[in-house]
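Novice: For reference, the structure I am asking about is given below.
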Amino acid sequence: MRSQQTYKYRNQQVIVPDGYLAVGQIAGAHGLRGEVKVELHTDYPDRFAAGVALYMGTNLAEMTIESVRPHKSHLLIRFQGVYNREDAEELRGHWLFVDEADAAILDEDVYWVHDIVGLAVYDQDDRLLGEITDVLFTGANEVYAIKPAPGVNQDKELLVPAIATVVQDVNLEDGVMIVMLPNGLIEGE
């Protein structure tokens, strides 16, 4: 059996099999000919192209894209073998994944959500603040939700903006993030 992790992607819970990245969720059927509306969960929509194979659900069923076109804030995709509304409706709610090996190359200081969740967060004085439990997408910038270490922030969740003036260093190998918090971010300090 494959191992997997449960994450929140843009406030939606998804079980992501190890070695894969969530790139979209099927929102429902569109029309009568088997197209589905896909809500994107990637900054690289170009990965959705005719002939590309995606993996659906935690059993990673291979789904090859036959056609794709934009529609409002979604993509309309027809997968090979799905040619009517009833078959398309059965796909509603399923997540779509790509193999990590096929992931886009990130710019320096840009990280995958699954790499950030679980990092231990320390301040510039080497004080453990807690562990990142979620990445919130606010529109302006991401925000790291941190489960506080005992006694930090009156044991309340700490919300840290993911901006260069705050995040001083990220060391994925050691599982550590160093931050310089603005005054007043921690209650009681």
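By convention in this document, the chains of the structure tokens carry letters A, B, ... by their order, each chain's residues are numbered from 1, and ligands are numbered from 1 in the order they are shown.
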For the strand (DSSP E) assignment from backbone DSSP, which residues of segment 54-180 of chain A qualify? Please present them as an NGL selection string.
Specialist: :A and (54-56 or 61-71 or 74-79 or 95-99 or 120-123 or 128-137 or 142-148 or 158-161 or 167-171 or 176-179)
Novice: Could you pull the residues within 8 Å of Thr42 of chain A, counting only C-alpha atoms, minus those fewer than 3 positions along the same chain, as a PyMOL selection string?
Specialist: chain A and resi 22-24+45
Novice: Taking C-alpha atoms for each residue, export the selection above as a PDB file, in the first residue's frame.
Specialist:
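What landed in part-v5.pdb:
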ATOM      1  CA  ALA A  22      -2.150  17.711  -6.123  1.00  0.00           C
ATOM      2  CA  VAL A  23      -2.791  19.899  -9.182  1.00  0.00           C
ATOM      3  CA  GLY A  24      -6.579  20.053  -9.430  1.00  0.00           C
ATOM      4  CA  PRO A  45      -1.893  25.382 -15.772  1.00  0.00           C
TER       5      PRO A  45
END
Novice: Under the rule that only C-alpha atoms are counted, which of A:Val121, A:Ile186, A:Val179, A:Leu32 is the nearest residue to Gly151 of chain A?
Specialist: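 That would be A:Ile186, the residue with the smallest distance to Gly151 of chain A.
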Novice: Please run DSSP on the backbone and report, as a PyMOL selection string, all residues within chain A that come out as helix (DSSP H, G or I).
Specialist: chain A and resi 45-47+85-89+100-102+113-116+152-155
Novice: Could you tell me which of A:Ala162, A:Val14, A:Met177, A:Val110 comes closest to Leu129 of chain A if we count only C-alpha atoms?
Specialist: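 Under the stated criterion, the closest residue is A:Met177.
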Novice: Write out as an NGL selection string the residues lying within 10 Å of Ala29 of chain A, counting only C-alpha atoms and excluding same-chain residues fewer than 4 positions away.
Specialist: :A and (33-38 or 76-78 or 84-92)
Novice: For the atom pair atom CA of His71 of chain A and atom CA of Tyr55 of chain A, what is the interatomic distance in Å to one decimal place?
Specialist: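 Computed distance, atom CA of His71 of chain A to atom CA of Tyr55 of chain A, equals 21.8 Å.
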Novice: Calculated over only C-alpha atoms, which of the candidates A:Leu21, A:Ile178, A:Ile146, A:Leu40 has the smallest distance to Ala164 of chain A?
Specialist: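 Checking each candidate against Ala164 of chain A, we get A:Ile178 as the closest.
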Novice: Excluding same-chain residues fewer than 6 positions from Leu172 of chain A, what lies within 9 Å of it counting only C-alpha atoms, as a list in words?
Specialist: Asp115, Ile116 and Leu119 of chain A
Novice: Keeping only N, CA and C atoms, write the selected residues to a file as an mmCIF file, in the first residue's frame.
Specialist:
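See part.cif below for the written result:
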data_model
loop_
_atom_site.group_PDB
_atom_site.id
_atom_site.type_symbol
_atom_site.label_atom_id
_atom_site.label_comp_id
_atom_site.auth_asym_id
_atom_site.auth_seq_id
_atom_site.Cartn_x
_atom_site.Cartn_y
_atom_site.Cartn_z
ATOM 1 N N ASP A 115 6.439 20.553 1.363
ATOM 2 C CA ASP A 115 7.777 20.717 1.938
ATOM 3 C C ASP A 115 7.755 21.651 3.142
ATOM 4 N N ILE A 116 6.821 22.588 3.169
ATOM 5 C CA ILE A 116 6.744 23.578 4.251
ATOM 6 C C ILE A 116 6.015 23.020 5.475
ATOM 7 N N LEU A 119 7.613 21.824 9.086
ATOM 8 C CA LEU A 119 8.875 22.448 9.487
ATOM 9 C C LEU A 119 8.774 23.006 10.908
#
Novice: If I take atom CA of Val52 of chain A and atom CA of Gly19 of chain A, how far is one from the other in Å, to one decimal?
Specialist: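 Interatomic distance, atom CA of Val52 of chain A to atom CA of Gly19 of chain A: 17.9 Å.
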Novice: Have a look at A:Tyr144, A:Pro150, A:Tyr122, A:Val135 and name the one nearest to Met180 of chain A; count only C-alpha atoms.
Specialist: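 With only C-alpha atoms as the atom set, the closest residue is A:Tyr122.
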Novice: Taking only C-alpha atoms into account, which of A:Thr133, A:Phe79, A:Asp174, A:Gly31 comes nearest Gly51 of chain A?
Specialist: A:Phe79
Novice: Restricting the calculation to only C-alpha atoms: of A:Val68, A:Val16, A:Val167, A:Val152, which residue gets closest to Val98 of chain A?
Specialist: A:Val16
Novice: List as an MDAnalysis selection string the protein and nucleic acid residues near Glu157 of chain A, meaning an atom at most 7 Å away when only C-alpha atoms are counted, but skip any in the same chain fewer than 2 places from it.
Specialist: chainID A and resid 145:148 155 159
Novice: What gap, in Å, lies between atom CA of Ser73 of chain A and atom CA of Leu60 of chain A?
Specialist: 25.1 Å
